[in-house]
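Okay, so here's the structure we're looking at.
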Amino acid sequence: MSASLAAPAPGGFGRMSLRLVLIGALLLLALLPVLNRLPADSALHVSDFIVSVSGKWITYAILALAIDLAWGYAGILSLGHGAFFALGGYAIGMHLMRLIGPRGVYGHPTLPDFMVFLGYKELPWYWSGFDHFPFAILMAVAVPGLLAGIVGFLAFRSRITGVYLSIITQALTYALMLAFFRNDMGFGGNNGFTDFKELLGMPLNTPSARSTLFYASLLLLLGALWLCGWIARSKLGRVLVAIRDAESRVRFLGYDVTQHKLFVFVLSAMIAGLAGALYVPQVGIINPGEFSPGNSIEAVIWVAVGGRGTLVGALLGAFSVNALKTWLTTVAPDLWLFALGGLFVAVTLFLPRGLIGLFSKAAK
Amino acid sequence: MSEAVLYLDGVSVVFDGFRALNNLSLIVEAGELRAIIGPNGAGKTTMMDVITGKTRPTAGVVRFREHDLTKMDEATIANLGIGRKFQKPTMFDALTVFENLELALKAPRGPMACLRWTLSGEARRRIEAVMEEVGLSARAHDRAAILSHGQRQWLEIGMLLMQDPELLLVDEPVAGMTDQETEHTAALLVRIAGQRSVVVVEHDLEFVRALGSKVTVLCEGTMLSEGSIDHVQNDPRVIEVYLGR
Ligand SMILES: Nc1ncnc2c1ncn2[C@@H]1O[C@H](COP(=O)(O)OP(=O)(O)OP(=O)(O)O)[C@@H](O)[C@H]1O
Ligand SMILES: [Mg+2]
């Protein structure tokens with residue numbers, strides 16, 4: 001990485017003020033579903049749209065956090081984290097499909113509609129177990145973790161770094177997208193899964209389901225923030241920063257770099273998978289488009305915009321870029337991709353430390 | 001009979017047809033301090049690269065005690081007890097002096113061990129003692145990026161001390177140091193040797209003389225002469241290729 005891109009040491013900025021702002025923002029966020037219950041004519045009333053959109057953004061923020069742990073600290077620039085997110089989404093999607101039961105259009109007692117349509121006689125073996133929620137959650141974590149473990153092991157052991165690693169991860173998500181588009185994979189082809197009815201006995205698309213999923217996401221965000229923060233402040237965090245800045249030097253101190261990189265990459269993929277598992281019930285659909293390479297790149301841009309290697313920056317980036325996207329896609333949908341590209345260039349050139357960098361400037 | 005800690009025999013390294021090391025043999029004994037001199041491009045750094053696993057020899061034997069180093073990776077070799085200071089001081093610029101030393105401190109190296117690591121009073125005292133030794137106590141919480149070249153040399157020497165290796169490979173430690181610091185470094189290395197084996201590469205002959213150790217002269221990847229500093233300085237072959245220029 002070039003010197004100008006080098007992220008600051010963890011925790012090097014105006015810590016106290018930043019922490020206060022963060023706590024304030026999270027508290028405000030936690031209030032949204034409560035304000036949503038106020039009468040519609042109340043000045044403080046928050047619309048359903050705001051609640052569901054914020055719930056979705058929280059899962060994006062968790063994905064951004066996962067990317068920041070791998071990229072901002074260990075220097076692993078994954079352009080395939082969207083794949084881990086989507087795999088987590090598919091795992092919970094399979095569970096949601098099983099819960100539809102005989103309520104599908106074809107009314108088949110066990111088979112989801114698309115399987116009836118495609119002439120399946122019975123559930124494929126890899127669908128078994130997904131009728132249980134804990135199993136689905138386990139898979140939402142384990143499958144991304146396992147995939148990251150295999151890809152990471154092969155790449156890190158061969159000392160594939162930098163742009164080559166980014167290309168491999170991009171290829172990974174692209175290959176998965178093509179695979180999931182196929183009807184014979186048993187994942188619903190290009191339509192994916194949708195028309196979900198309920199989760200954990202709770203009918204979806206009701207205010208109470210919305211706020212439950214919202215708070216579950218917020219809880220996961222806090223948990224992920226705590227976990228990543230613990231790693232960042234530990235000696236492991238400093239080893240990762242050392243690997244990011246001078247990988248080969250770390251080896252001469254006796255650290256097995258492959259092990260350390262594998263550890264964060266797998267953990268990061270697992271967090272991304274969980275985020276995806278909370279995303280899907282909130283948006284009500286998962287299809288192979290979630291694997292599209294652009295999604296992974298966009299998520300990396302959130303982190304770059306917020307400021308990598310700071311964790312809080314990842315949250316800030318995910319919320320602000322998605323706010324911009326939501327606004328822009330309503331007023332000028334054609335402009336979004338140009339705006340995103342322009343934003344990335346502008347941040348790289350003028351704000352190498354991201355929005356968080358503005359904070360530390362202001363603190364001085 | 002004293003025991004060989006480092007044993008190189010017939011080592012050659014060929015880069016695209018160019019012989020950086022040519023049938024080099026070298027034995028360093030337990031507790032020995034050895035100086036290596038030689039003109040630019042003689043292969044001194046390449047020799048350290050071979051010992052530490054950075055470069056694989058094209059031919060030859062490289063052993064550390066009973067271990068064959070040619071089959072091991074850098075981290076395994078480091079954990080056997082071989083520490084290295086690079087010619088161009090390299091450390092972790094985003095971390096402070098203290099943190100750099102903490103990373104070098106001999107301790108379990110796995111991810112979980114690092115995650116659970118807490119700095120004991122004993123470890124803190126060791127780091128503080130080394131900072132004192134290398135004169136960086138006042139800079140403990142400054143990032144390595146802002147140190148001067150001489151201070152970076154000292155920090156990397158400090159990191160080497162933290163690793164507590166059995167064999168220290170020190171590549172040009174006194175470049176960028178004042179005369180006084182050079183003397184201090186020489187005294188430090190002499191003191192370390194005895195319990196440890198130390199191999200020092202250096203161009204500064206005053207410094208090499210101050211080490212008072214056996215000297216090996218490398219030239220074009222092979223050993224040209226070996227003995228006391230006076231012996232090699234009077235060796236006509238050495239005078240021709242190196243000192244006489
Ligand atoms: N990775 C490499 N690829 C190609 N040639 C190399 C490589 N590493 C070293 N060399 C060459 O091998 C020769 C020996 O280099 P080396 O760095 O070992 O010399 P040195 O004795 O340490 O010199 P100096 O006193 O300048 O540090 C040089 O000619 C160098 O250009
Ligand atoms: Mg050299």
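A note on labels: chains of the structure tokens are A, B, ... as shown, every chain counts residues from 1, and ligands are counted from 1 in their shown order.
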Would you tabulate, counting only C-alpha atoms and all ligand atoms, all residues of chain B that have an atom at most 6 Å from an atom of ligand 1, showing the closest pair of atoms and their distance in Å to one decimal, sorted by chain then ascending number, as CSV?
residue,atom,partner,partner_atom_place_in_ligand_line,distance
B:Phe15,CA,ligand 1,4 (C),4.9
B:Ala20,CA,ligand 1,12 (O),4.2
B:Pro39,CA,ligand 1,25 (O),5.8
B:Asn40,CA,ligand 1,25 (O),3.7
B:Gly41,CA,ligand 1,19 (O),3.4
B:Ala42,CA,ligand 1,21 (O),3.8
B:Gly43,CA,ligand 1,18 (O),3.1
B:Lys44,CA,ligand 1,21 (O),3.7
B:Thr45,CA,ligand 1,22 (O),3.6
B:Thr46,CA,ligand 1,18 (O),3.6
Only N, CA, C and O atoms, please: the residues just picked out, written as a PDB file, in the first residue's frame.
ATOM      1  N   PHE B  15      21.133 -15.561  -9.129  1.00  0.00           N
ATOM      2  CA  PHE B  15      19.992 -14.759  -9.594  1.00  0.00           C
ATOM      3  C   PHE B  15      20.121 -14.575 -11.094  1.00  0.00           C
ATOM      4  O   PHE B  15      21.029 -13.871 -11.546  1.00  0.00           O
ATOM      5  N   ALA B  20      25.394 -14.440  -6.762  1.00  0.00           N
ATOM      6  CA  ALA B  20      25.499 -13.523  -5.619  1.00  0.00           C
ATOM      7  C   ALA B  20      26.299 -14.176  -4.498  1.00  0.00           C
ATOM      8  O   ALA B  20      27.048 -13.516  -3.792  1.00  0.00           O
ATOM      9  N   PRO B  39      33.311  -5.530  -0.073  1.00  0.00           N
ATOM     10  CA  PRO B  39      32.841  -4.408  -0.901  1.00  0.00           C
ATOM     11  C   PRO B  39      31.343  -4.508  -1.187  1.00  0.00           C
ATOM     12  O   PRO B  39      30.727  -5.547  -0.975  1.00  0.00           O
ATOM     13  N   ASN B  40      30.774  -3.429  -1.705  1.00  0.00           N
ATOM     14  CA  ASN B  40      29.358  -3.428  -2.080  1.00  0.00           C
ATOM     15  C   ASN B  40      29.098  -4.545  -3.073  1.00  0.00           C
ATOM     16  O   ASN B  40      29.874  -4.770  -3.986  1.00  0.00           O
ATOM     17  N   GLY B  41      27.997  -5.238  -2.855  1.00  0.00           N
ATOM     18  CA  GLY B  41      27.633  -6.305  -3.783  1.00  0.00           C
ATOM     19  C   GLY B  41      28.372  -7.604  -3.534  1.00  0.00           C
ATOM     20  O   GLY B  41      28.270  -8.536  -4.324  1.00  0.00           O
ATOM     21  N   ALA B  42      29.114  -7.682  -2.410  1.00  0.00           N
ATOM     22  CA  ALA B  42      29.892  -8.895  -2.133  1.00  0.00           C
ATOM     23  C   ALA B  42      28.998 -10.085  -1.794  1.00  0.00           C
ATOM     24  O   ALA B  42      29.427 -11.234  -1.875  1.00  0.00           O
ATOM     25  N   GLY B  43      27.774  -9.801  -1.373  1.00  0.00           N
ATOM     26  CA  GLY B  43      26.869 -10.901  -1.029  1.00  0.00           C
ATOM     27  C   GLY B  43      26.600 -11.010   0.460  1.00  0.00           C
ATOM     28  O   GLY B  43      26.028 -11.998   0.923  1.00  0.00           O
ATOM     29  N   LYS B  44      26.959  -9.986   1.225  1.00  0.00           N
ATOM     30  CA  LYS B  44      26.797 -10.041   2.680  1.00  0.00           C
ATOM     31  C   LYS B  44      25.322 -10.137   3.066  1.00  0.00           C
ATOM     32  O   LYS B  44      24.922 -10.980   3.877  1.00  0.00           O
ATOM     33  N   THR B  45      24.534  -9.243   2.473  1.00  0.00           N
ATOM     34  CA  THR B  45      23.100  -9.263   2.787  1.00  0.00           C
ATOM     35  C   THR B  45      22.449 -10.540   2.258  1.00  0.00           C
ATOM     36  O   THR B  45      21.593 -11.136   2.922  1.00  0.00           O
ATOM     37  N   THR B  46      22.874 -10.970   1.074  1.00  0.00           N
ATOM     38  CA  THR B  46      22.330 -12.206   0.505  1.00  0.00           C
ATOM     39  C   THR B  46      22.599 -13.387   1.441  1.00  0.00           C
ATOM     40  O   THR B  46      21.750 -14.262   1.613  1.00  0.00           O
TER      41      THR B  46
END
Within 10 Å of chain B, which residues of chain A are there when counting only C-alpha atoms? Please give them as a PyMOL selection string.
chain A and resi 6-10+12+230-257+259-264
Calculate how many Å separate CA of Leu8 in chain B from CA of Asp68 in chain B, rounding to one decimal.
10.3 Å
Can you tell me which residues surround range 234-243 of chain B at a distance of at most 12 Å, considering only C-alpha atoms, apart from same-chain residues fewer than 6 positions away, and format the answer as a PyMOL selection string?
chain B and resi 37-42+203-205+215-220+223-228
What would the file look like if the residues just selected were written as a compact mmCIF listing (two decimals), in the first residue's frame with all heavy atoms?
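Saved to part.txt:
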# COMPACT_ATOMS: atom_id res chain seq x y z
N ILE B 37 33.01 -8.26 6.54
CA ILE B 37 33.19 -7.06 5.72
C ILE B 37 33.33 -7.48 4.26
O ILE B 37 33.47 -8.67 3.96
CB ILE B 37 34.41 -6.22 6.16
CG1 ILE B 37 35.72 -7.03 6.01
CG2 ILE B 37 34.25 -5.75 7.60
CD1 ILE B 37 36.97 -6.19 6.24
N GLY B 38 33.29 -6.53 3.39
CA GLY B 38 33.40 -6.82 1.96
C GLY B 38 32.84 -5.67 1.17
O GLY B 38 32.02 -4.91 1.67
N PRO B 39 33.31 -5.53 -0.07
CA PRO B 39 32.84 -4.41 -0.90
C PRO B 39 31.34 -4.51 -1.19
O PRO B 39 30.73 -5.55 -0.98
CB PRO B 39 33.65 -4.54 -2.19
CG PRO B 39 34.16 -5.94 -2.20
CD PRO B 39 34.26 -6.38 -0.79
N ASN B 40 30.77 -3.43 -1.71
CA ASN B 40 29.36 -3.43 -2.08
C ASN B 40 29.10 -4.54 -3.07
O ASN B 40 29.87 -4.77 -3.99
CB ASN B 40 28.96 -2.10 -2.74
CG ASN B 40 29.03 -0.95 -1.75
OD1 ASN B 40 29.82 -0.04 -1.91
ND2 ASN B 40 28.21 -1.02 -0.73
N GLY B 41 28.00 -5.24 -2.85
CA GLY B 41 27.63 -6.31 -3.78
C GLY B 41 28.37 -7.60 -3.53
O GLY B 41 28.27 -8.54 -4.32
N ALA B 42 29.11 -7.68 -2.41
CA ALA B 42 29.89 -8.89 -2.13
C ALA B 42 29.00 -10.09 -1.79
O ALA B 42 29.43 -11.23 -1.88
CB ALA B 42 30.87 -8.63 -0.99
N HIS B 203 30.60 -1.78 7.19
CA HIS B 203 31.64 -1.18 6.34
C HIS B 203 32.63 -0.38 7.17
O HIS B 203 33.77 -0.18 6.76
CB HIS B 203 30.99 -0.23 5.32
CG HIS B 203 30.38 -0.93 4.16
ND1 HIS B 203 31.13 -1.61 3.23
CD2 HIS B 203 29.10 -1.07 3.77
CE1 HIS B 203 30.33 -2.14 2.32
NE2 HIS B 203 29.08 -1.83 2.62
N ASP B 204 32.18 0.10 8.32
CA ASP B 204 32.98 0.99 9.14
C ASP B 204 34.09 0.20 9.85
O ASP B 204 33.84 -0.53 10.81
CB ASP B 204 32.02 1.66 10.16
CG ASP B 204 32.73 2.66 11.06
OD1 ASP B 204 33.96 2.55 11.23
OD2 ASP B 204 32.03 3.54 11.59
N LEU B 205 35.33 0.36 9.37
CA LEU B 205 36.41 -0.48 9.89
C LEU B 205 36.81 -0.10 11.32
O LEU B 205 37.26 -0.95 12.09
CB LEU B 205 37.62 -0.43 8.96
CG LEU B 205 37.40 -1.15 7.63
CD1 LEU B 205 38.65 -1.10 6.77
CD2 LEU B 205 36.97 -2.59 7.84
N VAL B 215 37.31 -11.62 11.88
CA VAL B 215 36.72 -10.93 10.73
C VAL B 215 36.72 -11.85 9.53
O VAL B 215 37.72 -12.54 9.26
CB VAL B 215 37.51 -9.65 10.39
CG1 VAL B 215 36.91 -8.94 9.19
CG2 VAL B 215 37.56 -8.72 11.59
N THR B 216 35.60 -11.89 8.80
CA THR B 216 35.54 -12.63 7.55
C THR B 216 35.36 -11.62 6.43
O THR B 216 34.52 -10.73 6.52
CB THR B 216 34.34 -13.60 7.55
OG1 THR B 216 34.53 -14.55 8.60
CG2 THR B 216 34.22 -14.32 6.23
N VAL B 217 36.18 -11.74 5.39
CA VAL B 217 36.05 -10.84 4.26
C VAL B 217 35.37 -11.58 3.11
O VAL B 217 35.82 -12.65 2.69
CB VAL B 217 37.43 -10.34 3.77
CG1 VAL B 217 37.27 -9.30 2.66
CG2 VAL B 217 38.21 -9.75 4.94
N LEU B 218 34.26 -11.02 2.66
CA LEU B 218 33.55 -11.60 1.51
C LEU B 218 33.86 -10.79 0.28
O LEU B 218 34.02 -9.58 0.34
CB LEU B 218 32.04 -11.55 1.72
CG LEU B 218 31.34 -12.54 2.63
CD1 LEU B 218 29.84 -12.49 2.39
CD2 LEU B 218 31.84 -13.93 2.39
N CYS B 219 33.95 -11.48 -0.86
CA CYS B 219 34.11 -10.78 -2.12
C CYS B 219 33.53 -11.65 -3.22
O CYS B 219 33.80 -12.84 -3.28
CB CYS B 219 35.58 -10.47 -2.39
SG CYS B 219 35.79 -9.52 -3.88
N GLU B 220 32.71 -11.05 -4.04
CA GLU B 220 32.06 -11.76 -5.14
C GLU B 220 31.45 -13.08 -4.69
O GLU B 220 31.59 -14.12 -5.34
CB GLU B 220 33.04 -11.97 -6.30
CG GLU B 220 33.40 -10.63 -6.94
CD GLU B 220 34.46 -10.74 -8.02
OE1 GLU B 220 34.92 -11.87 -8.29
OE2 GLU B 220 34.82 -9.70 -8.59
N MET B 223 34.34 -16.44 0.33
CA MET B 223 35.19 -15.96 1.39
C MET B 223 36.60 -15.73 0.86
O MET B 223 37.19 -16.59 0.24
CB MET B 223 35.23 -16.99 2.52
CG MET B 223 35.75 -16.41 3.80
SD MET B 223 37.13 -17.31 4.39
CE MET B 223 36.27 -18.67 5.13
N LEU B 224 37.09 -14.52 1.15
CA LEU B 224 38.39 -14.14 0.60
C LEU B 224 39.47 -14.31 1.65
O LEU B 224 40.58 -14.75 1.36
CB LEU B 224 38.31 -12.68 0.17
CG LEU B 224 39.44 -12.14 -0.66
CD1 LEU B 224 39.48 -12.83 -2.02
CD2 LEU B 224 39.27 -10.63 -0.85
N SER B 225 39.11 -13.99 2.89
CA SER B 225 40.12 -14.03 3.94
C SER B 225 39.41 -14.08 5.28
O SER B 225 38.27 -13.65 5.40
CB SER B 225 41.00 -12.77 3.85
OG SER B 225 41.97 -12.79 4.86
N GLU B 226 40.09 -14.60 6.28
CA GLU B 226 39.47 -14.71 7.60
C GLU B 226 40.55 -14.60 8.66
O GLU B 226 41.64 -15.13 8.47
CB GLU B 226 38.74 -16.05 7.70
CG GLU B 226 37.68 -16.11 8.78
CD GLU B 226 36.75 -17.30 8.59
OE1 GLU B 226 37.17 -18.44 8.86
OE2 GLU B 226 35.61 -17.09 8.15
N GLY B 227 40.28 -13.92 9.75
CA GLY B 227 41.26 -13.80 10.82
C GLY B 227 41.02 -12.53 11.61
O GLY B 227 39.93 -11.96 11.56
N SER B 228 42.07 -12.09 12.33
CA SER B 228 41.91 -10.87 13.10
C SER B 228 41.86 -9.69 12.13
O SER B 228 42.25 -9.80 10.97
CB SER B 228 43.10 -10.70 14.04
OG SER B 228 44.25 -10.40 13.27
Write out as number ranges by chain which residues come within 8 Å of Ser211 in chain A when counting only C-alpha atoms, dropping same-chain ones fewer than 3 positions away.
A: 33, 51, 207-208, 214-215
